[in-house]
Each structure stands twice: as structure tokens, then as C-alpha cells.
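The structure appears right after this line, and notes come after that.
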Amino acid sequence: MKKISLCILLLGALLVSAASGQYRFYDGSDWNSIDTLPYSSEIKTTIKTLILRAAEDASFFSNSPILAKDQKFTPEYVDSVNDFYSKADNKKIPVYFALKIASMDKANVLKKQIQLYRLAVLKKINAL
Amino acid sequence: MKNLIHIYSQNRKRFIRLLIYVAAILLVAGFAVTVIAKHTGNAHEIITKEPLIDNEGTGFLDGHQWKKIEGMQISPSDKIYTKTAILKTIIEVGIINDNPLLTPSDSLGKYSMLIDSFYADPNNLDIPIPFALKIADLSVKGMSDGRIQLYKRALLQKLKQLRLL
């Protein structure tokens, strides 16, 4: 009898934890995990470029392009996003916003403004 | 030393012949290594230096780039990882921008396989990945092939109208 109640208790705990599981966007943890793959840096950069270009294309087709009209996707964005995700505080930020912040930086938006935007995104993500 | 010079002067012709043989063997070995490298693992990086991603096609990520993932020198599971990461990113960007492309009804692996077979048709290669994903979703949600073809035709017409193709 004790065993059955213990099993029920355990199952209940598992269900509760699964139900409360927060959705996780493709973020810095996923991005940084690419670096652990056993391939050349060229291949890792290719994978990262594909992901950023996917974000850029999807933003274009959802009528909210990440890059401004005069901006074009360049490999430098991969470096900027690498740099962004090297800071532990940014790991929870979805890759869409990481690219957005990189494009703001490239467009010479004020650092203070970028910082405010980053904090607003973090607040929103933590509230989800 | 004197002995060696004596042997050399006596066998000069043989020595030169030996040198020619060694040079020929090295030449053949070099050629063989190049051919083998072309057909094995790191051929892409070692030999061609051709970029893995380019703007062949529309300028958007489309079937041309999708198919190039298959040619990358990475494990099959990492090819699936790359493809599903692309799909996850596309779906999430739609959600973030309050303009969701779709709500997945199956695993991203399943969507990835459907997109593989969609791009197997060369007529579909210029269609950007977000729309290939949308078409895969219509298929997952049970839309008939006839209606999917109509959707595809209308989509192509619209993209051409907007000069995006």
C-alpha cells in the first residue's frame, strides 16, 4: 500500500513539473551548444549563419524585418551574436532579439537605448 | 666515401633510373591523395573552398540552401539538429512578431522530413523555407494535395508579383 501511494505521489510530482515546464525559445544556450559540436569553425559558423538568416527571413515575411532596409546580412552578425551570448546574462534571450540587438548596434543606436531594450526583453522573457 | 663515389660512377645509369622511378611514384601518390580527398570527409573544406551558403536562388533561405545541409560534413543527427533549429527559429519569430506562421501539430523532425521531400522536386527549390514550412503544415493538418497545389501556385504568383522571386 505504501509503495502504491509513493508511486502515485511521484507520478503527481512529475505531472506537476511537466505542466509547469516553461517554453524555451531558441536562445543562447542552444546557440552556445553549437560550439561544442566536433566540427571545424567554418561548419559551426555555417550552422549559425543559417539560423540567423532563418530569423531574418521569417521576420521579413512576418512584416517586421530585423534588419533595416539599408542593412544586409553579413557574417559579422554571427560574431556579434557570439559576443552577445558569451555573457551569461543574455543566455535566455531568444536568437531573434540577439540579432535585433546586433543590428541596432551596427546601426549605431545609443548603447543606453540598446541596454533598455535588452532589459525589456529579459523582463518579458522572465515573465513568460 | 671513395667507395660510394666509385659505386655511383659504376651505376650512374641505374641511379638516375631509380630517381625517375621515385619521382614517378611520388607524382602518382600525390594524385591519388587528391582524388581520395575529393571523395571523402573533408573534401569540401580541403579541396573546393566553395562557400556552404551562398545566395543561389532567391536571396532568401530556400530549397537550394536546405539541400546544401545534406552536403555538409556533419553527422546525420546534426543535420536534423540544424534543420529543426532553422524551423524552430522561423516559427518563434512569427510568434514574437504576433504574426504566427503556424502552430506545429507534429514534431519538427516530421516537418523537416516533409520539407526534404518538398524540395526534392526541383520546381520547389526557389520557394523560401518559411513557405515550405507552411506547406508542410497544411499537409500535416490534412489538406488535400489538390488544395496544397492551389496554395503553392497562388503563393508563387504572389512572390513573383512582389518581385521576391
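Ordered as shown in the C-alpha cells, chains take letters A, B, and onward, while each chain numbers its residues from 1 and ligands are numbered from 1 in the order shown.
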Residue list for chain A near chain B as a PDB file with all heavy atoms, in the first residue's frame, 9 Å, only C-alpha atoms:
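To be explicit, this is the file written out as selection-v2.pdb:
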ATOM      1  N   PHE A  25      12.537  29.299 -25.818  1.00  0.00           N
ATOM      2  CA  PHE A  25      12.829  29.726 -27.186  1.00  0.00           C
ATOM      3  C   PHE A  25      14.217  29.235 -27.591  1.00  0.00           C
ATOM      4  O   PHE A  25      15.003  28.846 -26.734  1.00  0.00           O
ATOM      5  CB  PHE A  25      12.804  31.258 -27.283  1.00  0.00           C
ATOM      6  CG  PHE A  25      11.418  31.831 -27.269  1.00  0.00           C
ATOM      7  CD1 PHE A  25      10.818  32.225 -26.083  1.00  0.00           C
ATOM      8  CD2 PHE A  25      10.706  31.997 -28.450  1.00  0.00           C
ATOM      9  CE1 PHE A  25       9.538  32.758 -26.075  1.00  0.00           C
ATOM     10  CE2 PHE A  25       9.441  32.533 -28.451  1.00  0.00           C
ATOM     11  CZ  PHE A  25       8.854  32.910 -27.264  1.00  0.00           C
ATOM     12  N   TYR A  26      14.510  29.323 -28.891  1.00  0.00           N
ATOM     13  CA  TYR A  26      15.876  29.036 -29.336  1.00  0.00           C
ATOM     14  C   TYR A  26      16.728  30.210 -28.841  1.00  0.00           C
ATOM     15  O   TYR A  26      16.576  31.339 -29.316  1.00  0.00           O
ATOM     16  CB  TYR A  26      15.947  28.901 -30.863  1.00  0.00           C
ATOM     17  CG  TYR A  26      17.251  28.296 -31.307  1.00  0.00           C
ATOM     18  CD1 TYR A  26      17.387  26.918 -31.460  1.00  0.00           C
ATOM     19  CD2 TYR A  26      18.368  29.081 -31.532  1.00  0.00           C
ATOM     20  CE1 TYR A  26      18.606  26.348 -31.833  1.00  0.00           C
ATOM     21  CE2 TYR A  26      19.579  28.521 -31.908  1.00  0.00           C
ATOM     22  CZ  TYR A  26      19.684  27.159 -32.057  1.00  0.00           C
ATOM     23  OH  TYR A  26      20.894  26.602 -32.422  1.00  0.00           O
ATOM     24  N   ASP A  30      21.178  27.225 -26.640  1.00  0.00           N
ATOM     25  CA  ASP A  30      21.209  26.446 -27.887  1.00  0.00           C
ATOM     26  C   ASP A  30      22.354  26.931 -28.785  1.00  0.00           C
ATOM     27  O   ASP A  30      23.075  26.143 -29.375  1.00  0.00           O
ATOM     28  CB  ASP A  30      19.876  26.589 -28.646  1.00  0.00           C
ATOM     29  CG  ASP A  30      18.705  26.155 -27.800  1.00  0.00           C
ATOM     30  OD1 ASP A  30      18.649  24.980 -27.454  1.00  0.00           O
ATOM     31  OD2 ASP A  30      17.844  27.002 -27.475  1.00  0.00           O
ATOM     32  N   LEU A  37      30.013  21.206 -30.785  1.00  0.00           N
ATOM     33  CA  LEU A  37      29.985  20.175 -31.833  1.00  0.00           C
ATOM     34  C   LEU A  37      31.411  19.938 -32.365  1.00  0.00           C
ATOM     35  O   LEU A  37      32.197  20.878 -32.453  1.00  0.00           O
ATOM     36  CB  LEU A  37      29.056  20.600 -32.988  1.00  0.00           C
ATOM     37  CG  LEU A  37      27.578  20.780 -32.639  1.00  0.00           C
ATOM     38  CD1 LEU A  37      26.805  21.310 -33.841  1.00  0.00           C
ATOM     39  CD2 LEU A  37      26.957  19.473 -32.174  1.00  0.00           C
ATOM     40  N   PRO A  38      31.705  18.686 -32.736  1.00  0.00           N
ATOM     41  CA  PRO A  38      33.098  18.360 -33.104  1.00  0.00           C
ATOM     42  C   PRO A  38      33.437  18.690 -34.560  1.00  0.00           C
ATOM     43  O   PRO A  38      33.921  17.840 -35.286  1.00  0.00           O
ATOM     44  CB  PRO A  38      33.149  16.843 -32.864  1.00  0.00           C
ATOM     45  CG  PRO A  38      31.762  16.384 -33.148  1.00  0.00           C
ATOM     46  CD  PRO A  38      30.842  17.500 -32.767  1.00  0.00           C
ATOM     47  N   TYR A  39      33.159  19.939 -34.968  1.00  0.00           N
ATOM     48  CA  TYR A  39      33.424  20.307 -36.366  1.00  0.00           C
ATOM     49  C   TYR A  39      34.325  21.529 -36.450  1.00  0.00           C
ATOM     50  O   TYR A  39      34.562  22.207 -35.450  1.00  0.00           O
ATOM     51  CB  TYR A  39      32.100  20.568 -37.100  1.00  0.00           C
ATOM     52  CG  TYR A  39      31.124  19.423 -36.990  1.00  0.00           C
ATOM     53  CD1 TYR A  39      29.875  19.614 -36.403  1.00  0.00           C
ATOM     54  CD2 TYR A  39      31.467  18.149 -37.429  1.00  0.00           C
ATOM     55  CE1 TYR A  39      28.993  18.553 -36.269  1.00  0.00           C
ATOM     56  CE2 TYR A  39      30.593  17.091 -37.300  1.00  0.00           C
ATOM     57  CZ  TYR A  39      29.351  17.298 -36.724  1.00  0.00           C
ATOM     58  OH  TYR A  39      28.493  16.250 -36.581  1.00  0.00           O
ATOM     59  N   GLU A  42      34.459  26.660 -39.465  1.00  0.00           N
ATOM     60  CA  GLU A  42      33.720  27.053 -40.681  1.00  0.00           C
ATOM     61  C   GLU A  42      32.326  26.431 -40.663  1.00  0.00           C
ATOM     62  O   GLU A  42      31.334  27.114 -40.963  1.00  0.00           O
ATOM     63  CB  GLU A  42      34.494  26.599 -41.921  1.00  0.00           C
ATOM     64  CG  GLU A  42      33.929  27.182 -43.209  1.00  0.00           C
ATOM     65  CD  GLU A  42      34.328  26.412 -44.455  1.00  0.00           C
ATOM     66  OE1 GLU A  42      35.154  25.489 -44.347  1.00  0.00           O
ATOM     67  OE2 GLU A  42      33.805  26.721 -45.528  1.00  0.00           O
ATOM     68  N   ILE A  43      32.262  25.149 -40.296  1.00  0.00           N
ATOM     69  CA  ILE A  43      30.960  24.468 -40.266  1.00  0.00           C
ATOM     70  C   ILE A  43      30.071  25.051 -39.169  1.00  0.00           C
ATOM     71  O   ILE A  43      28.880  25.300 -39.381  1.00  0.00           O
ATOM     72  CB  ILE A  43      31.154  22.945 -40.106  1.00  0.00           C
ATOM     73  CG1 ILE A  43      31.638  22.376 -41.458  1.00  0.00           C
ATOM     74  CG2 ILE A  43      29.875  22.245 -39.662  1.00  0.00           C
ATOM     75  CD1 ILE A  43      31.916  20.905 -41.485  1.00  0.00           C
ATOM     76  N   THR A  46      28.699  28.183 -40.321  1.00  0.00           N
ATOM     77  CA  THR A  46      27.660  27.947 -41.325  1.00  0.00           C
ATOM     78  C   THR A  46      26.324  27.650 -40.649  1.00  0.00           C
ATOM     79  O   THR A  46      25.286  28.206 -41.040  1.00  0.00           O
ATOM     80  CB  THR A  46      28.061  26.760 -42.232  1.00  0.00           C
ATOM     81  OG1 THR A  46      29.298  27.074 -42.850  1.00  0.00           O
ATOM     82  CG2 THR A  46      27.020  26.502 -43.293  1.00  0.00           C
ATOM     83  N   ILE A  47      26.354  26.789 -39.631  1.00  0.00           N
ATOM     84  CA  ILE A  47      25.113  26.444 -38.918  1.00  0.00           C
ATOM     85  C   ILE A  47      24.518  27.705 -38.288  1.00  0.00           C
ATOM     86  O   ILE A  47      23.320  27.982 -38.404  1.00  0.00           O
ATOM     87  CB  ILE A  47      25.370  25.357 -37.841  1.00  0.00           C
ATOM     88  CG1 ILE A  47      25.831  24.053 -38.521  1.00  0.00           C
ATOM     89  CG2 ILE A  47      24.131  25.114 -36.994  1.00  0.00           C
ATOM     90  CD1 ILE A  47      26.292  22.960 -37.568  1.00  0.00           C
ATOM     91  N   LYS A  48      25.382  28.500 -37.661  1.00  0.00           N
ATOM     92  CA  LYS A  48      24.906  29.722 -37.005  1.00  0.00           C
ATOM     93  C   LYS A  48      24.351  30.716 -38.029  1.00  0.00           C
ATOM     94  O   LYS A  48      23.331  31.371 -37.792  1.00  0.00           O
ATOM     95  CB  LYS A  48      26.049  30.362 -36.205  1.00  0.00           C
ATOM     96  CG  LYS A  48      26.408  29.570 -34.964  1.00  0.00           C
ATOM     97  CD  LYS A  48      27.612  30.169 -34.260  1.00  0.00           C
ATOM     98  CE  LYS A  48      27.895  29.458 -32.948  1.00  0.00           C
ATOM     99  NZ  LYS A  48      29.079  29.992 -32.265  1.00  0.00           N
ATOM    100  N   THR A  49      25.032  30.811 -39.180  1.00  0.00           N
ATOM    101  CA  THR A  49      24.566  31.727 -40.224  1.00  0.00           C
ATOM    102  C   THR A  49      23.178  31.313 -40.708  1.00  0.00           C
ATOM    103  O   THR A  49      22.301  32.162 -40.915  1.00  0.00           O
ATOM    104  CB  THR A  49      25.562  31.726 -41.416  1.00  0.00           C
ATOM    105  OG1 THR A  49      26.845  32.050 -40.907  1.00  0.00           O
ATOM    106  CG2 THR A  49      25.168  32.727 -42.477  1.00  0.00           C
ATOM    107  N   LEU A  50      22.984  29.999 -40.880  1.00  0.00           N
ATOM    108  CA  LEU A  50      21.677  29.509 -41.331  1.00  0.00           C
ATOM    109  C   LEU A  50      20.590  29.909 -40.338  1.00  0.00           C
ATOM    110  O   LEU A  50      19.494  30.326 -40.738  1.00  0.00           O
ATOM    111  CB  LEU A  50      21.720  27.983 -41.485  1.00  0.00           C
ATOM    112  CG  LEU A  50      22.428  27.441 -42.735  1.00  0.00           C
ATOM    113  CD1 LEU A  50      22.693  25.949 -42.593  1.00  0.00           C
ATOM    114  CD2 LEU A  50      21.609  27.706 -43.991  1.00  0.00           C
ATOM    115  N   ILE A  51      20.897  29.788 -39.049  1.00  0.00           N
ATOM    116  CA  ILE A  51      19.900  30.112 -38.024  1.00  0.00           C
ATOM    117  C   ILE A  51      19.577  31.612 -38.037  1.00  0.00           C
ATOM    118  O   ILE A  51      18.406  32.004 -37.992  1.00  0.00           O
ATOM    119  CB  ILE A  51      20.373  29.629 -36.635  1.00  0.00           C
ATOM    120  CG1 ILE A  51      20.349  28.089 -36.633  1.00  0.00           C
ATOM    121  CG2 ILE A  51      19.509  30.179 -35.508  1.00  0.00           C
ATOM    122  CD1 ILE A  51      21.144  27.448 -35.539  1.00  0.00           C
ATOM    123  N   LEU A  52      20.613  32.435 -38.147  1.00  0.00           N
ATOM    124  CA  LEU A  52      20.364  33.888 -38.165  1.00  0.00           C
ATOM    125  C   LEU A  52      19.612  34.302 -39.428  1.00  0.00           C
ATOM    126  O   LEU A  52      18.714  35.146 -39.388  1.00  0.00           O
ATOM    127  CB  LEU A  52      21.686  34.659 -38.065  1.00  0.00           C
ATOM    128  CG  LEU A  52      22.419  34.583 -36.729  1.00  0.00           C
ATOM    129  CD1 LEU A  52      23.597  35.542 -36.722  1.00  0.00           C
ATOM    130  CD2 LEU A  52      21.499  34.897 -35.557  1.00  0.00           C
ATOM    131  N   ARG A  53      19.986  33.690 -40.553  1.00  0.00           N
ATOM    132  CA  ARG A  53      19.285  34.042 -41.797  1.00  0.00           C
ATOM    133  C   ARG A  53      17.831  33.574 -41.754  1.00  0.00           C
ATOM    134  O   ARG A  53      16.948  34.222 -42.304  1.00  0.00           O
ATOM    135  CB  ARG A  53      20.025  33.474 -43.004  1.00  0.00           C
ATOM    136  CG  ARG A  53      21.247  34.336 -43.351  1.00  0.00           C
ATOM    137  CD  ARG A  53      21.866  33.954 -44.651  1.00  0.00           C
ATOM    138  NE  ARG A  53      20.955  34.014 -45.782  1.00  0.00           N
ATOM    139  CZ  ARG A  53      21.267  33.599 -47.004  1.00  0.00           C
ATOM    140  NH1 ARG A  53      22.453  33.095 -47.244  1.00  0.00           N
ATOM    141  NH2 ARG A  53      20.407  33.695 -47.984  1.00  0.00           N
ATOM    142  N   ALA A  54      17.597  32.438 -41.076  1.00  0.00           N
ATOM    143  CA  ALA A  54      16.216  31.957 -40.915  1.00  0.00           C
ATOM    144  C   ALA A  54      15.417  32.980 -40.110  1.00  0.00           C
ATOM    145  O   ALA A  54      14.271  33.297 -40.454  1.00  0.00           O
ATOM    146  CB  ALA A  54      16.206  30.602 -40.221  1.00  0.00           C
ATOM    147  N   ALA A  55      16.046  33.520 -39.054  1.00  0.00           N
ATOM    148  CA  ALA A  55      15.373  34.530 -38.226  1.00  0.00           C
ATOM    149  C   ALA A  55      15.086  35.781 -39.053  1.00  0.00           C
ATOM    150  O   ALA A  55      13.981  36.341 -38.998  1.00  0.00           O
ATOM    151  CB  ALA A  55      16.233  34.886 -37.016  1.00  0.00           C
ATOM    152  N   GLU A  56      16.057  36.192 -39.841  1.00  0.00           N
ATOM    153  CA  GLU A  56      15.901  37.403 -40.659  1.00  0.00           C
ATOM    154  C   GLU A  56      14.791  37.206 -41.704  1.00  0.00           C
ATOM    155  O   GLU A  56      13.910  38.064 -41.870  1.00  0.00           O
ATOM    156  CB  GLU A  56      17.246  37.755 -41.312  1.00  0.00           C
ATOM    157  CG  GLU A  56      17.218  38.740 -42.471  1.00  0.00           C
ATOM    158  CD  GLU A  56      16.547  40.074 -42.171  1.00  0.00           C
ATOM    159  OE1 GLU A  56      16.258  40.374 -41.009  1.00  0.00           O
ATOM    160  OE2 GLU A  56      16.276  40.818 -43.138  1.00  0.00           O
ATOM    161  N   ASP A  57      14.819  36.059 -42.393  1.00  0.00           N
ATOM    162  CA  ASP A  57      13.791  35.790 -43.414  1.00  0.00           C
ATOM    163  C   ASP A  57      12.400  35.747 -42.790  1.00  0.00           C
ATOM    164  O   ASP A  57      11.446  36.324 -43.317  1.00  0.00           O
ATOM    165  CB  ASP A  57      14.060  34.449 -44.112  1.00  0.00           C
ATOM    166  CG  ASP A  57      15.237  34.520 -45.072  1.00  0.00           C
ATOM    167  OD1 ASP A  57      15.867  35.599 -45.167  1.00  0.00           O
ATOM    168  OD2 ASP A  57      15.541  33.503 -45.715  1.00  0.00           O
ATOM    169  N   ALA A  58      12.300  35.028 -41.663  1.00  0.00           N
ATOM    170  CA  ALA A  58      10.988  34.895 -41.021  1.00  0.00           C
ATOM    171  C   ALA A  58      10.478  36.251 -40.562  1.00  0.00           C
ATOM    172  O   ALA A  58       9.276  36.537 -40.667  1.00  0.00           O
ATOM    173  CB  ALA A  58      11.080  33.937 -39.840  1.00  0.00           C
ATOM    174  N   SER A  59      11.387  37.107 -40.097  1.00  0.00           N
ATOM    175  CA  SER A  59      10.946  38.442 -39.659  1.00  0.00           C
ATOM    176  C   SER A  59      10.485  39.257 -40.858  1.00  0.00           C
ATOM    177  O   SER A  59       9.519  40.021 -40.772  1.00  0.00           O
ATOM    178  CB  SER A  59      12.073  39.164 -38.918  1.00  0.00           C
ATOM    179  OG  SER A  59      13.079  39.582 -39.815  1.00  0.00           O
ATOM    180  N   PHE A  61       9.098  38.055 -43.612  1.00  0.00           N
ATOM    181  CA  PHE A  61       7.781  37.569 -44.055  1.00  0.00           C
ATOM    182  C   PHE A  61       6.691  37.777 -43.005  1.00  0.00           C
ATOM    183  O   PHE A  61       5.523  37.607 -43.305  1.00  0.00           O
ATOM    184  CB  PHE A  61       7.866  36.093 -44.471  1.00  0.00           C
ATOM    185  CG  PHE A  61       8.621  35.902 -45.764  1.00  0.00           C
ATOM    186  CD1 PHE A  61       9.786  35.167 -45.809  1.00  0.00           C
ATOM    187  CD2 PHE A  61       8.159  36.470 -46.943  1.00  0.00           C
ATOM    188  CE1 PHE A  61      10.497  35.004 -46.998  1.00  0.00           C
ATOM    189  CE2 PHE A  61       8.855  36.317 -48.138  1.00  0.00           C
ATOM    190  CZ  PHE A  61      10.018  35.581 -48.171  1.00  0.00           C
ATOM    191  N   SER A  62       7.094  38.109 -41.768  1.00  0.00           N
ATOM    192  CA  SER A  62       6.046  38.419 -40.796  1.00  0.00           C
ATOM    193  C   SER A  62       5.925  39.940 -40.629  1.00  0.00           C
ATOM    194  O   SER A  62       5.466  40.435 -39.601  1.00  0.00           O
ATOM    195  CB  SER A  62       6.287  37.709 -39.465  1.00  0.00           C
ATOM    196  OG  SER A  62       7.512  38.101 -38.915  1.00  0.00           O
ATOM    197  N   ASN A  63       6.338  40.638 -41.675  1.00  0.00           N
ATOM    198  CA  ASN A  63       6.183  42.101 -41.774  1.00  0.00           C
ATOM    199  C   ASN A  63       6.903  42.900 -40.702  1.00  0.00           C
ATOM    200  O   ASN A  63       6.477  44.000 -40.358  1.00  0.00           O
ATOM    201  CB  ASN A  63       4.697  42.493 -41.756  1.00  0.00           C
ATOM    202  CG  ASN A  63       3.985  41.988 -42.980  1.00  0.00           C
ATOM    203  OD1 ASN A  63       4.558  41.991 -44.071  1.00  0.00           O
ATOM    204  ND2 ASN A  63       2.758  41.531 -42.812  1.00  0.00           N
ATOM    205  N   SER A  64       7.952  42.334 -40.134  1.00  0.00           N
ATOM    206  CA  SER A  64       8.697  43.080 -39.132  1.00  0.00           C
ATOM    207  C   SER A  64      10.185  42.759 -39.257  1.00  0.00           C
ATOM    208  O   SER A  64      10.769  42.136 -38.370  1.00  0.00           O
ATOM    209  CB  SER A  64       8.159  42.695 -37.753  1.00  0.00           C
ATOM    210  OG  SER A  64       8.683  43.518 -36.788  1.00  0.00           O
ATOM    211  N   PRO A  94      15.944  35.116 -26.688  1.00  0.00           N
ATOM    212  CA  PRO A  94      15.811  34.380 -27.958  1.00  0.00           C
ATOM    213  C   PRO A  94      16.706  34.956 -29.055  1.00  0.00           C
ATOM    214  O   PRO A  94      17.019  36.151 -29.055  1.00  0.00           O
ATOM    215  CB  PRO A  94      14.330  34.567 -28.320  1.00  0.00           C
ATOM    216  CG  PRO A  94      13.658  34.860 -27.036  1.00  0.00           C
ATOM    217  CD  PRO A  94      14.641  35.620 -26.209  1.00  0.00           C
ATOM    218  N   VAL A  95      17.094  34.097 -29.983  1.00  0.00           N
ATOM    219  CA  VAL A  95      18.052  34.475 -31.022  1.00  0.00           C
ATOM    220  C   VAL A  95      17.530  35.639 -31.883  1.00  0.00           C
ATOM    221  O   VAL A  95      18.318  36.463 -32.363  1.00  0.00           O
ATOM    222  CB  VAL A  95      18.433  33.228 -31.864  1.00  0.00           C
ATOM    223  CG1 VAL A  95      17.336  32.817 -32.815  1.00  0.00           C
ATOM    224  CG2 VAL A  95      19.732  33.436 -32.609  1.00  0.00           C
ATOM    225  N   TYR A  96      16.215  35.728 -32.020  1.00  0.00           N
ATOM    226  CA  TYR A  96      15.629  36.839 -32.785  1.00  0.00           C
ATOM    227  C   TYR A  96      16.081  38.180 -32.189  1.00  0.00           C
ATOM    228  O   TYR A  96      16.500  39.083 -32.904  1.00  0.00           O
ATOM    229  CB  TYR A  96      14.093  36.727 -32.744  1.00  0.00           C
ATOM    230  CG  TYR A  96      13.351  37.962 -33.219  1.00  0.00           C
ATOM    231  CD1 TYR A  96      13.076  38.129 -34.564  1.00  0.00           C
ATOM    232  CD2 TYR A  96      12.948  38.952 -32.322  1.00  0.00           C
ATOM    233  CE1 TYR A  96      12.399  39.264 -35.016  1.00  0.00           C
ATOM    234  CE2 TYR A  96      12.275  40.083 -32.762  1.00  0.00           C
ATOM    235  CZ  TYR A  96      11.998  40.230 -34.104  1.00  0.00           C
ATOM    236  OH  TYR A  96      11.347  41.355 -34.549  1.00  0.00           O
TER     237      TYR A  96
END
Checklist entry - Can you tell me, as a PyMOL selection string, what residues are no more than 9 Å from B:Ile115 when counting only C-alpha atoms, ignoring any on the same chain fewer than 6 positions away? => result chain B and resi 63+66+129+132-133+135-136
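With atom CA of B:Asp137 on one side and atom CA of B:Leu114 on the other, the separation reads 8.9 Å.
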Checklist entry - So which residues touch B:Lys67 within 8 Å, counting only C-alpha atoms, skipping near sequence neighbours fewer than 4 positions away, as an NGL selection string? => result :B and (63 or 71 or 116 or 119)
Item to check | Residues flagged helix (DSSP H, G or I) by DSSP in stretch 91-127 of chain A, as a ChimeraX atom specification | outcome: /A:95-106,111-127
Written file, previous selection with C-alpha atoms, as a tab-separated table (two decimals), in the first residue's frame:
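Output saved as out-v9.tsv:
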chain	number	residue	atom	x	y	z
A	95	VAL	CA	18.05	34.47	-31.02
A	96	TYR	CA	15.63	36.84	-32.78
A	97	PHE	CA	16.34	39.54	-30.20
A	98	ALA	CA	20.06	38.80	-30.19
A	99	LEU	CA	20.14	39.53	-33.93
A	100	LYS	CA	17.93	42.59	-33.44
A	101	ILE	CA	20.33	43.93	-30.80
A	102	ALA	CA	23.30	43.23	-33.09
A	103	SER	CA	21.60	45.16	-35.89
A	104	MET	CA	20.83	48.07	-33.51
A	105	ASP	CA	24.48	48.12	-32.53
A	106	LYS	CA	25.55	48.15	-36.16
A	111	LYS	CA	24.24	52.00	-26.04
A	112	LYS	CA	21.82	53.16	-23.35
A	113	GLN	CA	18.87	52.58	-25.65
A	114	ILE	CA	20.13	49.10	-26.56
A	115	GLN	CA	20.56	48.33	-22.88
A	116	LEU	CA	16.99	49.42	-22.13
A	117	TYR	CA	15.70	47.27	-25.00
A	118	ARG	CA	17.69	44.27	-23.73
A	119	LEU	CA	16.32	44.71	-20.21
A	120	ALA	CA	12.76	44.99	-21.52
A	121	VAL	CA	13.21	41.74	-23.50
A	122	LEU	CA	14.65	39.97	-20.45
A	123	LYS	CA	11.76	41.17	-18.31
A	124	LYS	CA	9.26	39.88	-20.86
A	125	ILE	CA	11.01	36.51	-21.21
A	126	ASN	CA	11.22	36.05	-17.45
A	127	ALA	CA	7.53	36.89	-17.13
Next on the checklist: When you look at stretch 139-142 of chain B with a cut-off of 8 Å (counting only C-alpha atoms), what residues show up, excluding the ones that are within fewer than 5 positions of it in the same chain? I need them as a PyMOL selection string.
Outcome noted: chain B and resi 105-106+148
Preceding selection exported with N, CA, C and O atoms as a short mmCIF file (atom, residue, chain, number, x, y, z; two decimals), in the first residue's frame:
data_model
loop_
_atom_site.label_atom_id
_atom_site.label_comp_id
_atom_site.auth_asym_id
_atom_site.auth_seq_id
_atom_site.Cartn_x
_atom_site.Cartn_y
_atom_site.Cartn_z
N SER B 105 1.68 20.93 -35.37
CA SER B 105 0.80 19.84 -34.90
C SER B 105 1.57 18.54 -34.83
O SER B 105 0.99 17.49 -34.59
N ASP B 106 2.85 18.59 -35.13
CA ASP B 106 3.67 17.38 -35.07
C ASP B 106 5.09 17.80 -34.68
O ASP B 106 5.36 18.99 -34.52
N ILE B 148 -3.34 21.94 -51.76
CA ILE B 148 -1.96 22.37 -51.49
C ILE B 148 -1.33 22.91 -52.77
O ILE B 148 -0.64 23.94 -52.76
#
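Computed from the coordinates, the atom CA of B:Thr103 to atom CA of B:Ala154 distance equals 21.6 Å.
The coordinates place atom CA of B:Leu162 at 22.8 Å from atom CA of B:Phe118.
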